[in-house]
Every structure is written in C-alpha cells, then in structure tokens.
Amino acid sequence: MYKHNMIPVEEALERILSTVSVLQPETKPILNCVGQVLAGDVVAAFDIPPHDNSAMDGFAVLAGDTSRASQEQPVYLNVIGEVAAGYTSSLRLTGGKAVRIMTGAPLPTGADAVVQFENTDETERKRDKKPLAIIGIVEPAVRGLNIRLRGEDIQHGQIVLRKGATLYPADIGVLASLGLAQAAVIRRPVISVLSTGDELCPVGQALGAGQIYDSNTYTIAANITMCGGIARIIGIGRDTLASLEDKINHGLDADMLITSGGVSKGDYDVVKDVLAKMGTVSFWTVRMKPGKPIAFGTLKAPGGREIPHLGLPGNPVSSMTTFERFARPAILTMLGKTAFARPTVLAAIDQDIANDDGRRVYARVHVSKTAGGWQASLTGPQGSGILTSMSAANGLAIVPEDCPLARAGDRLSIQLLDNAEGII
Ligand code: AMP
Ligand code: MG
C-alpha cells in the first residue's frame with residue numbers, strides 16, 4: 001500500500017516545477033547582478049571601440065611610405081605631433097609624415113598603420129640627442145597594422161547579451177563598456193525557512209534534556225544562498241497547531257516556504273492539519289532514498305497571493321537530498337535559469353549498495369580521480385540522520401529503482417555536488 005503510493009522522482013519534480021514561475025525583473029547596479037539572469041536583450045547604442053585606435057605605442061603612418069624601410073635604410077618621416085589615449089587630434093596625416101601615438105588613442109585622419117616604437121629609431125635618437133621631429137622607420141608596415149577598428153568588438157544595434165543569459169564577470173564588464181550603470185535581471189527569490197520539532201534547540205543556546213540542535217535551518221538556508229536565493233529564517237516551530245500556524249504566518253511574505261520535519265508518520269497530522277487549513281497541500285511518498293514522504297502544496301498568503309510550500313523530511317540527510325532534487329530546481333526556475341543538471345561522472349563504487357524497496361538511492365560518496373578512472377567511496381554509514389556523511393561527500397551516487405544491488409566495482413552515475421578538488 002505504502003509502496004504503491006510512491007510517485008517517481010521526475011513526477012514529483014514536474015508537479016513542483018509546474019507551480020513555480022520565473023520572478024519579475026528588477027533593475028539595479030550592474031555589480032549587484034552577478035550570477036543573475038538578464039530580463040531582456042541588451043542592444044548596443046554605439047560601436048565599440050567608438051573610433052579606430054592604436055593597439056600599440058608607436059607612430060601612426062601611411063603604410064605606403066614605409067614599404068622600403070629596413071634597419072640599414074630607415075625611412076625618415078616628419079613627426080607632426082602626438083596623440084595620447086583619451087584625447088583626439090585634428091592632425092591630418094599626409095605623405096612623409098608621422099604622428100606619435102599611444103595605445104588606445106584615436107587614429108589621426110589619413111593614417112592607415114601604426115609602427116611600434118621597437119621598429120623605429122626613437123630610442124637611439126633619444127640616446128644620441130638627435131631631433132625628435134624626425135623618426136626613422138626600420139621595418140615596412142602593412143595597411144591596418146596595429147589598428148583596432150571602430151566596431152570590431154561590438155557594433156551599434158547588435159544584441160550583445162541575450163535575455164536569459166546568466167551574468168558572469170565578463171558580461172558585467174560588457175555592460176560597463178556600453179556605459180550602462182544598471183541592468184534588468186530576474187530578482188532573487190526570497191525563501192522562508194522553518195524547522196519543526198519539539199526537540200529542536202537553536203544554535204548558541206544550551207541544549208536541554210532530550211534536545212538536539214536545529215541544523216536543517218542552516219543546511220537549507222546555506223543551500224538557498226548557494227542557489228542564488230535569499231533565505232529568510234523563520235526559526236523553529238513546535239509540534240502544535242498554534243505554534244506551527246504562527247510560524248508559517250511569519251513565513252508567508254516570501255516566494256516560497258521550505259519547512260523541514262513533521263512529515264513522517266509521528267507528527268504527520270499536526271503539519272497536515274495546519275497546512276490544509278492554510279492552503280492546498282499534498283503529501284507524497286517519493287520513490288527516492290533518502291527522502292521520506294514530502295509535503296508539497298500552495299499556501300494562501302496576504303494580498304490574495306499563493307506561495308509554494310515544500311515540506312522536506314526532518315532527517316538531516318533526507319532534507320538535504322530532497323532539497324537538492326526538488327528545492328534547487330524550483331529556486332533556479334524562479335531565478336530564470338533553465339539548466340539545472342549537475343555535472344555527472346561514471347565512477348566505480350568501493351562497496352555494495354543495497355536497494356531493498358525499489359527506490360532511487362542517492363548514496364553519499366566522495367569521488368576522486370585515479371589512473372583507472374573515477375572512484376567513489378561511500379562516506380561512512382548511510383543513515384539518513386548522519387549529516388557528516390553529507391559533509392564528507394562531493395557527490396551522490398545513484399542506484400536506479402530497478403537495481404536491487406549495486407556491487408563494489410560497479411560503475412554508477414554520480415551527480416557531483418562540488419568540484420572543489422578539480423576532479424573534472
Ligand atoms: P521528523 O521528520 O520531524 O519526524 O524528523 C525526523 C528526524 O529528523 C528526527 O530524528 C528529528 O529529530 C530530526 N530533525 C528534524 N528536524 C531537524 C532539524 N531542524 N535539525 C536537525 N535534525 C532534525
Ligand atoms: Mg519532527
């Protein structure tokens with residue numbers, strides 16, 4: 001009966017994702033937009049670079065004047081002036097003339113090449129105190145040499161960054177190069193985090209008899225931050241109707257509520273009653289392990305809004321694996337992201353992993369790269385209360401539903417949670 005009610009992981013995810021949508025855009029300073037998704041195309045209002053300019057420190061010349069230049073027989077040109085980056089000049093270059101020019105300075109009218117200092121006799125002239133109104137060119141320059149053309153990076157009217165793109169540092173730089181101080185990005189979701197359980201004690205306080213510290217608030221909030229969301233910590237709800245209702249009411253001013261605990265058989269009813277009263281809630285048993293029944297639904301929020309509620313199991317490892325599988329894609333969807341997949345590697349496991357009841361097992365492993373390929377070691381006992389098994393893991397090894405036993409040496413697909421050790 002229990003088993004038949006189990007819904008597949010993908011179905012649970014689909015149901016959750018069908019209730020969350022991409023949030024509204026916000027416009028803010030570009031530096032605050034790193035990692036967020038662009039809400040609209042960015043179109044260039046001008047060319048970059050805005051004018052032809054020099055890629056080198058040297059002399060702007062007419063390439064044709066230099067065709068016979070050599071070390072032995074330099075071509076001598078009259079230096080008619082100098083232009084530095086940040087300045088324009090009205091100098092006009094004609095045959096037999098040169099303009100001393102710095103990197104980034106606009107090319108004088110008429111010039112069609114820049115000869116770098118190294119290919120002139122400037123150093124010797126300075127050393128020998130010869131007049132600098134003349135410069136000797138010692139190598140021929142071809143047309144266009146050392147010239148950065150107007151618009152060679154970005155052209156006026158071009159779509160430079162597309163709606164939906166995640167902004168990385170280079171993109172922030174591109175926005176700046178277009179002179180934009182602000183950008184419109186999908187705002188970050190605010191996620192309320194509520195732990196439930198009479199046994200829970202807040203960190204920083206002395207433990208009472210029979211109590212344990214509330215760690216789920218912290219793993220969940222930290223994961224929300226890692227996903228790009230904003231965690232709003234509501235605290236700890238007791239296993240009573242009044243306490244839960246009060247705490248949930250404090251968490252409704254958000255884009256989603258994530259609770260942990262209170263969904264296993266023992267306290268199922270309190271949570272069920274409260275949530276049913278405050279919205280529409282289903283309890284599912286998802287075909288995954290760890291991951292006991294999870295609750296999912298929508299809660300009525302002030303202003304006629306409805307917000308999604310994800311009720312994760314209380315066991316620290318279960319709440320983390322269900323967060324990974326369900327909350328992370330939901331948060332990324334709200335952020336406007338469309339790719340959720342973690343990098344996956346095939347790795348040989350170091351011990352048997354049993355799968356007794358046809359669920360999808362997410363075993364905590366530490367993956368390393370060896371000469372023989374990737375190796376995955378189980379990170380100790382796999383009980384769903386053993387949070388250190390998660391702390392030591394950098395991946396989740398997946399034993400499929402239809403595989404009753406994965407044997408030591410088998411290669412399993414591993415979802416990497418981080419790549420801090422540079423294994424891929
Ligand atoms: P529950 O789903 O409420 O029955 O909780 C299952 C197990 O997870 C129990 O052993 C709880 O003590 C533990 N647990 C629940 N919530 C938390 C929490 N916030 N931090 C640490 N452990 C928890
Ligand atoms: Mg509980």
# chains A, B, ... in the order shown; residues from 1 in each chain; ligands from 1
>>> residues_around(residues="stretch 120-125 of chain A", least_positions_apart="5", cutoff="6 Å", atoms="only C-alpha atoms", output="PyMOL selection string")
chain A and resi 130+136-138
>>> write_last_selection(atoms="N, CA, C and O atoms", output="PDB file, in the first residue's frame")
ATOM      1  N   LYS A 130      69.400  63.250 -30.900  1.00  0.00           N
ATOM      2  CA  LYS A 130      69.054  63.709 -32.250  1.00  0.00           C
ATOM      3  C   LYS A 130      67.654  64.317 -32.206  1.00  0.00           C
ATOM      4  O   LYS A 130      66.860  64.008 -31.304  1.00  0.00           O
ATOM      5  N   GLY A 136      62.881  57.617 -37.732  1.00  0.00           N
ATOM      6  CA  GLY A 136      63.285  56.627 -38.726  1.00  0.00           C
ATOM      7  C   GLY A 136      62.486  55.346 -38.529  1.00  0.00           C
ATOM      8  O   GLY A 136      62.438  54.791 -37.434  1.00  0.00           O
ATOM      9  N   ILE A 137      61.858  54.871 -39.609  1.00  0.00           N
ATOM     10  CA  ILE A 137      61.092  53.617 -39.566  1.00  0.00           C
ATOM     11  C   ILE A 137      62.005  52.542 -40.129  1.00  0.00           C
ATOM     12  O   ILE A 137      62.557  52.713 -41.225  1.00  0.00           O
ATOM     13  N   VAL A 138      62.157  51.420 -39.364  1.00  0.00           N
ATOM     14  CA  VAL A 138      63.145  50.430 -39.796  1.00  0.00           C
ATOM     15  C   VAL A 138      62.516  49.131 -40.313  1.00  0.00           C
ATOM     16  O   VAL A 138      63.230  48.198 -40.644  1.00  0.00           O
TER      17      VAL A 138
END
>>> residues_near_ligand(ligand="ligand 1", cutoff="9 Å", atoms="only C-alpha atoms and all ligand atoms", output="ChimeraX atom specification")
/A:194-201,211-219,236,239,259-268,292-293,312-319,384-385,387
>>> write_last_selection(atoms="N, CA and C atoms", output="short mmCIF file (atom, residue, chain, number, x, y, z; two decimals), in the first residue's frame")
data_model
loop_
_atom_site.label_atom_id
_atom_site.label_comp_id
_atom_site.auth_asym_id
_atom_site.auth_seq_id
_atom_site.Cartn_x
_atom_site.Cartn_y
_atom_site.Cartn_z
N LEU A 194 11.70 27.23 7.70
CA LEU A 194 11.11 26.93 9.01
C LEU A 194 11.41 25.49 9.38
N SER A 195 12.03 25.30 10.55
CA SER A 195 12.25 23.95 11.06
C SER A 195 11.14 23.63 12.05
N THR A 196 10.74 22.37 12.08
CA THR A 196 9.69 22.00 13.03
C THR A 196 10.16 20.85 13.92
N GLY A 197 9.78 20.90 15.15
CA GLY A 197 10.07 19.79 16.07
C GLY A 197 10.29 20.28 17.50
N ASP A 198 9.60 19.63 18.45
CA ASP A 198 9.75 20.00 19.86
C ASP A 198 11.15 19.76 20.39
N GLU A 199 11.88 18.86 19.69
CA GLU A 199 13.21 18.50 20.18
C GLU A 199 14.29 19.51 19.78
N LEU A 200 13.93 20.49 18.99
CA LEU A 200 14.97 21.34 18.39
C LEU A 200 15.34 22.53 19.27
N CYS A 201 16.64 22.75 19.35
CA CYS A 201 17.18 23.86 20.13
C CYS A 201 17.94 24.76 19.16
N GLN A 211 17.05 17.34 23.86
CA GLN A 211 17.05 18.22 22.69
C GLN A 211 18.22 17.95 21.75
N ILE A 212 18.08 18.37 20.52
CA ILE A 212 19.20 18.39 19.56
C ILE A 212 19.20 19.78 18.92
N TYR A 213 20.34 20.16 18.42
CA TYR A 213 20.40 21.45 17.74
C TYR A 213 19.71 21.37 16.38
N ASP A 214 19.11 22.48 16.04
CA ASP A 214 18.48 22.61 14.73
C ASP A 214 19.55 22.85 13.68
N SER A 215 19.86 21.82 12.91
CA SER A 215 20.86 22.01 11.83
C SER A 215 20.17 22.23 10.48
N ASN A 216 18.95 21.76 10.32
CA ASN A 216 18.31 21.87 9.00
C ASN A 216 18.14 23.31 8.55
N THR A 217 17.81 24.19 9.49
CA THR A 217 17.68 25.60 9.12
C THR A 217 18.93 26.07 8.40
N TYR A 218 20.08 25.59 8.89
CA TYR A 218 21.35 26.07 8.36
C TYR A 218 21.73 25.40 7.05
N THR A 219 21.52 24.08 6.95
CA THR A 219 21.84 23.43 5.66
C THR A 219 20.92 23.97 4.57
N ILE A 236 12.07 28.07 14.65
CA ILE A 236 11.66 26.70 14.97
C ILE A 236 10.19 26.69 15.37
N ASP A 239 5.67 21.30 17.71
CA ASP A 239 4.72 20.36 17.09
C ASP A 239 3.30 20.58 17.59
N THR A 259 9.79 24.04 4.70
CA THR A 259 9.83 23.56 6.08
C THR A 259 10.61 22.27 6.11
N SER A 260 11.07 21.91 7.29
CA SER A 260 11.64 20.57 7.44
C SER A 260 11.06 19.94 8.68
N GLY A 261 10.90 18.63 8.59
CA GLY A 261 10.36 17.87 9.72
C GLY A 261 8.84 17.85 9.71
N GLY A 262 8.34 16.98 10.56
CA GLY A 262 6.89 16.93 10.74
C GLY A 262 6.12 16.27 9.62
N VAL A 263 6.83 15.61 8.71
CA VAL A 263 6.10 14.94 7.64
C VAL A 263 6.17 13.42 7.73
N SER A 264 6.93 12.90 8.71
CA SER A 264 6.95 11.45 8.87
C SER A 264 5.76 11.06 9.74
N LYS A 265 5.52 9.78 9.86
CA LYS A 265 4.25 9.34 10.45
C LYS A 265 3.94 9.97 11.80
N GLY A 266 4.94 10.05 12.68
CA GLY A 266 4.72 10.53 14.04
C GLY A 266 3.97 11.84 14.14
N ASP A 267 4.47 12.87 13.41
CA ASP A 267 3.84 14.18 13.56
C ASP A 267 3.11 14.64 12.31
N TYR A 268 2.91 13.72 11.44
CA TYR A 268 2.24 13.96 10.17
C TYR A 268 0.98 14.80 10.35
N LYS A 292 11.90 10.59 2.77
CA LYS A 292 10.63 10.00 3.23
C LYS A 292 9.51 10.80 2.61
N PRO A 293 8.29 10.70 3.11
CA PRO A 293 7.24 11.49 2.50
C PRO A 293 7.62 12.96 2.50
N LEU A 312 10.05 19.43 3.54
CA LEU A 312 11.08 18.40 3.44
C LEU A 312 11.08 17.53 4.69
N PRO A 313 11.59 16.31 4.57
CA PRO A 313 11.68 15.46 5.76
C PRO A 313 12.66 16.04 6.78
N GLY A 314 12.52 15.62 8.03
CA GLY A 314 13.33 16.20 9.10
C GLY A 314 14.73 15.65 9.19
N ASN A 315 14.91 14.39 8.82
CA ASN A 315 16.25 13.82 8.93
C ASN A 315 17.24 14.66 8.13
N PRO A 316 18.34 15.04 8.76
CA PRO A 316 19.26 15.99 8.12
C PRO A 316 19.72 15.60 6.71
N VAL A 317 19.99 14.32 6.50
CA VAL A 317 20.45 13.93 5.16
C VAL A 317 19.27 13.93 4.19
N SER A 318 18.12 13.48 4.66
CA SER A 318 16.94 13.45 3.79
C SER A 318 16.56 14.86 3.36
N SER A 319 16.63 15.78 4.30
CA SER A 319 16.24 17.14 3.93
C SER A 319 17.21 17.71 2.91
N SER A 384 20.06 8.18 7.44
CA SER A 384 19.62 9.50 6.98
C SER A 384 19.76 10.56 8.06
N GLY A 385 20.21 10.16 9.27
CA GLY A 385 20.47 11.14 10.31
C GLY A 385 21.94 11.51 10.39
N LEU A 387 24.64 13.38 9.30
CA LEU A 387 24.91 14.56 8.47
C LEU A 387 26.36 14.62 8.01
#
>>> closest_residue(among="A:Met56, A:Cys227, A:Ile7, A:Val274", to="A:Leu335", atoms="only C-alpha atoms")
A:Cys227
>>> residues_around(residues="A:Ile48", least_positions_apart="6", cutoff="10 Å", atoms="only C-alpha atoms", output="ChimeraX atom specification")
/A:148-156,177-178
>>> write_last_selection(atoms="N, CA, C and O atoms", output="JSON list (two decimals), in the first residue's frame")
[["chain", "number", "residue", "atom", "x", "y", "z"],
["A", 148, "ARG", "N", 43.14, 48.98, -34.18],
["A", 148, "ARG", "CA", 41.88, 48.37, -33.72],
["A", 148, "ARG", "C", 40.76, 49.17, -34.40],
["A", 148, "ARG", "O", 40.66, 50.38, -34.20],
["A", 149, "LEU", "N", 39.96, 48.46, -35.18],
["A", 149, "LEU", "CA", 38.95, 49.16, -35.97],
["A", 149, "LEU", "C", 37.71, 49.49, -35.15],
["A", 149, "LEU", "O", 37.32, 48.71, -34.27],
["A", 150, "ARG", "N", 37.15, 50.62, -35.46],
["A", 150, "ARG", "CA", 35.87, 51.01, -34.87],
["A", 150, "ARG", "C", 34.87, 49.86, -35.04],
["A", 150, "ARG", "O", 34.72, 49.30, -36.12],
["A", 151, "GLY", "N", 34.18, 49.51, -33.95],
["A", 151, "GLY", "CA", 33.14, 48.48, -34.02],
["A", 151, "GLY", "C", 33.65, 47.06, -34.12],
["A", 151, "GLY", "O", 32.89, 46.13, -34.31],
["A", 152, "GLU", "N", 34.97, 46.85, -33.97],
["A", 152, "GLU", "CA", 35.45, 45.46, -34.15],
["A", 152, "GLU", "C", 35.04, 44.57, -32.97],
["A", 152, "GLU", "O", 34.97, 43.36, -33.09],
["A", 153, "ASP", "N", 34.72, 45.15, -31.84],
["A", 153, "ASP", "CA", 34.24, 44.36, -30.70],
["A", 153, "ASP", "C", 32.72, 44.28, -30.74],
["A", 153, "ASP", "O", 32.14, 43.19, -30.78],
["A", 154, "ILE", "N", 32.07, 45.41, -30.75],
["A", 154, "ILE", "CA", 30.60, 45.47, -30.71],
["A", 154, "ILE", "C", 30.13, 46.50, -31.74],
["A", 154, "ILE", "O", 30.72, 47.59, -31.83],
["A", 155, "GLN", "N", 29.08, 46.11, -32.48],
["A", 155, "GLN", "CA", 28.56, 47.07, -33.45],
["A", 155, "GLN", "C", 27.25, 47.68, -32.99],
["A", 155, "GLN", "O", 26.42, 47.00, -32.37],
["A", 156, "HIS", "N", 27.10, 48.96, -33.29],
["A", 156, "HIS", "CA", 25.87, 49.69, -32.99],
["A", 156, "HIS", "C", 24.66, 48.85, -33.44],
["A", 156, "HIS", "O", 24.62, 48.40, -34.57],
["A", 177, "SER", "N", 31.18, 48.48, -20.47],
["A", 177, "SER", "CA", 31.79, 49.06, -21.67],
["A", 177, "SER", "C", 30.75, 49.75, -22.53],
["A", 177, "SER", "O", 31.07, 50.61, -23.34],
["A", 178, "LEU", "N", 29.47, 49.39, -22.34],
["A", 178, "LEU", "CA", 28.38, 50.07, -23.05],
["A", 178, "LEU", "C", 27.90, 51.29, -22.27],
["A", 178, "LEU", "O", 26.94, 51.94, -22.65]]
>>> closest_residue(among="A:Gly383, A:Gly409, A:Pro140, A:Gly164", to="A:Ala348", atoms="only C-alpha atoms")
A:Gly409
>>> residues_around(residues="stretch 301-306 of chain A", least_positions_apart="5", cutoff="9 Å", atoms="only C-alpha atoms", output="tab-separated table (two decimals) with N, CA and C atoms, in the first residue's frame")
chain	number	residue	atom	x	y	z
A	249	ASN	N	2.65	31.68	9.40
A	249	ASN	CA	2.16	33.03	9.08
A	249	ASN	C	3.31	34.02	8.94
A	252	LEU	N	5.04	33.76	5.29
A	252	LEU	CA	4.27	33.85	4.04
A	252	LEU	C	4.68	35.02	3.14
A	253	ASP	N	5.40	35.96	3.71
A	253	ASP	CA	5.83	37.11	2.92
A	253	ASP	C	7.12	36.74	2.18
A	254	ALA	N	6.98	35.79	1.27
A	254	ALA	CA	8.15	35.24	0.58
A	254	ALA	C	7.68	34.63	-0.74
A	255	ASP	N	8.64	34.13	-1.52
A	255	ASP	CA	8.27	33.50	-2.79
A	255	ASP	C	8.04	32.01	-2.63
A	278	MET	N	-4.34	26.20	5.80
A	278	MET	CA	-3.75	27.42	5.24
A	278	MET	C	-3.59	27.39	3.72
A	279	GLY	N	-3.97	26.28	3.11
A	279	GLY	CA	-3.82	26.22	1.65
A	279	GLY	C	-4.21	24.85	1.13
>>> select_by_dssp(residues="stretch 161-388 of chain A", states="strand (DSSP E)", output="ChimeraX atom specification")
/A:161,182-186,190-196,200-201,212-213,230-237,256-260,279-286,288-289,294-301,305-312,344-349,353-354,360-370,373-378
>>> closest_residue(among="A:Gln375, A:Val271, A:Ala330, A:Ala363", to="ligand 2", atoms="only C-alpha atoms and all ligand atoms")
A:Val271
>>> closest_residue(among="A:Val79, A:Asn5, A:Arg238, A:Ser282", to="ligand 2", atoms="only C-alpha atoms and all ligand atoms")
A:Arg238
>>> residues_around(residues="A:Ala176", least_positions_apart="3", cutoff="12 Å", atoms="only C-alpha atoms", output="MDAnalysis selection string")
chainID A and resid 29:31 42 44 48 169:173 179:183
>>> write_last_selection(atoms="N, CA, C and O atoms", output="mmCIF file, in the first residue's frame")
data_model
loop_
_atom_site.group_PDB
_atom_site.id
_atom_site.type_symbol
_atom_site.label_atom_id
_atom_site.label_comp_id
_atom_site.auth_asym_id
_atom_site.auth_seq_id
_atom_site.Cartn_x
_atom_site.Cartn_y
_atom_site.Cartn_z
ATOM 1 N N PRO A 29 22.169 48.256 -9.849
ATOM 2 C CA PRO A 29 23.547 48.457 -10.305
ATOM 3 C C PRO A 29 24.172 47.158 -10.821
ATOM 4 O O PRO A 29 23.931 46.079 -10.251
ATOM 5 N N ILE A 30 24.919 47.274 -11.906
ATOM 6 C CA ILE A 30 25.409 46.075 -12.589
ATOM 7 C C ILE A 30 26.205 45.153 -11.673
ATOM 8 O O ILE A 30 26.114 43.941 -11.801
ATOM 9 N N LEU A 31 26.940 45.722 -10.743
ATOM 10 C CA LEU A 31 27.770 44.868 -9.889
ATOM 11 C C LEU A 31 26.931 43.982 -8.972
ATOM 12 O O LEU A 31 27.383 42.937 -8.503
ATOM 13 N N VAL A 42 20.184 43.044 -24.392
ATOM 14 C CA VAL A 42 20.938 44.297 -24.290
ATOM 15 C C VAL A 42 21.455 44.636 -25.684
ATOM 16 O O VAL A 42 22.171 43.835 -26.299
ATOM 17 N N ALA A 44 23.452 47.288 -28.291
ATOM 18 C CA ALA A 44 24.495 48.324 -28.248
ATOM 19 C C ALA A 44 23.996 49.613 -28.877
ATOM 20 O O ALA A 44 23.461 49.602 -29.985
ATOM 21 N N ILE A 48 31.813 49.740 -30.416
ATOM 22 C CA ILE A 48 32.960 49.615 -29.504
ATOM 23 C C ILE A 48 34.064 48.872 -30.255
ATOM 24 O O ILE A 48 33.800 47.779 -30.759
ATOM 25 N N PRO A 169 31.318 37.699 -14.684
ATOM 26 C CA PRO A 169 32.113 38.922 -14.636
ATOM 27 C C PRO A 169 32.375 39.564 -15.999
ATOM 28 O O PRO A 169 32.286 40.791 -16.133
ATOM 29 N N ALA A 170 32.663 38.764 -17.037
ATOM 30 C CA ALA A 170 32.931 39.365 -18.353
ATOM 31 C C ALA A 170 31.688 40.106 -18.862
ATOM 32 O O ALA A 170 31.795 41.158 -19.500
ATOM 33 N N ASP A 171 30.508 39.535 -18.581
ATOM 34 C CA ASP A 171 29.263 40.185 -19.038
ATOM 35 C C ASP A 171 29.041 41.502 -18.301
ATOM 36 O O ASP A 171 28.563 42.477 -18.875
ATOM 37 N N ILE A 172 29.386 41.516 -17.028
ATOM 38 C CA ILE A 172 29.264 42.759 -16.258
ATOM 39 C C ILE A 172 30.185 43.805 -16.891
ATOM 40 O O ILE A 172 29.823 44.968 -17.041
ATOM 41 N N GLY A 173 31.366 43.359 -17.317
ATOM 42 C CA GLY A 173 32.305 44.257 -17.995
ATOM 43 C C GLY A 173 31.748 44.760 -19.318
ATOM 44 O O GLY A 173 31.909 45.935 -19.661
ATOM 45 N N GLY A 179 28.540 51.520 -21.137
ATOM 46 C CA GLY A 179 28.202 52.707 -20.351
ATOM 47 C C GLY A 179 26.993 52.520 -19.470
ATOM 48 O O GLY A 179 26.460 53.487 -18.915
ATOM 49 N N LEU A 180 26.556 51.255 -19.327
ATOM 50 C CA LEU A 180 25.323 51.012 -18.559
ATOM 51 C C LEU A 180 25.645 50.858 -17.080
ATOM 52 O O LEU A 180 26.426 49.994 -16.699
ATOM 53 N N ALA A 181 25.041 51.658 -16.251
ATOM 54 C CA ALA A 181 25.291 51.577 -14.809
ATOM 55 C C ALA A 181 24.371 50.545 -14.163
ATOM 56 O O ALA A 181 24.666 50.010 -13.100
ATOM 57 N N GLN A 182 23.254 50.262 -14.829
ATOM 58 C CA GLN A 182 22.269 49.344 -14.246
ATOM 59 C C GLN A 182 21.856 48.302 -15.278
ATOM 60 O O GLN A 182 22.004 48.506 -16.477
ATOM 61 N N ALA A 183 21.310 47.207 -14.775
ATOM 62 C CA ALA A 183 20.779 46.182 -15.682
ATOM 63 C C ALA A 183 19.488 45.645 -15.091
ATOM 64 O O ALA A 183 19.267 45.719 -13.874
#
>>> select_by_dssp(residues="stretch 102-304 of chain A", states="helix (DSSP H, G or I)", output="number ranges by chain")
A: 117-119, 122-127, 169-177, 216-227, 241-250, 265-278, 302-304
>>> residues_around(residues="stretch 367-370 of chain A", least_positions_apart="5", cutoff="12 Å", atoms="only C-alpha atoms", output="ChimeraX atom specification")
/A:344-350,375-379,392-397,411-424
>>> closest_residue(among="A:Pro404, A:Gly95, A:Pro329, A:Gly311", to="ligand 2", atoms="only C-alpha atoms and all ligand atoms")
A:Gly311
>>> residues_around(residues="A:Tyr76", least_positions_apart="5", cutoff="9 Å", atoms="only C-alpha atoms", output="PyMOL selection string")
chain A and resi 66+69+96-97+134-137
>>> closest_residue(among="A:Pro381, A:Pro108, A:Gly237, A:Pro131", to="A:Leu77", atoms="only C-alpha atoms")
A:Pro131
>>> atom_distance(atom1="atom CA of A:Ile234", atom2="atom CA of A:Val37")
27.3 Å
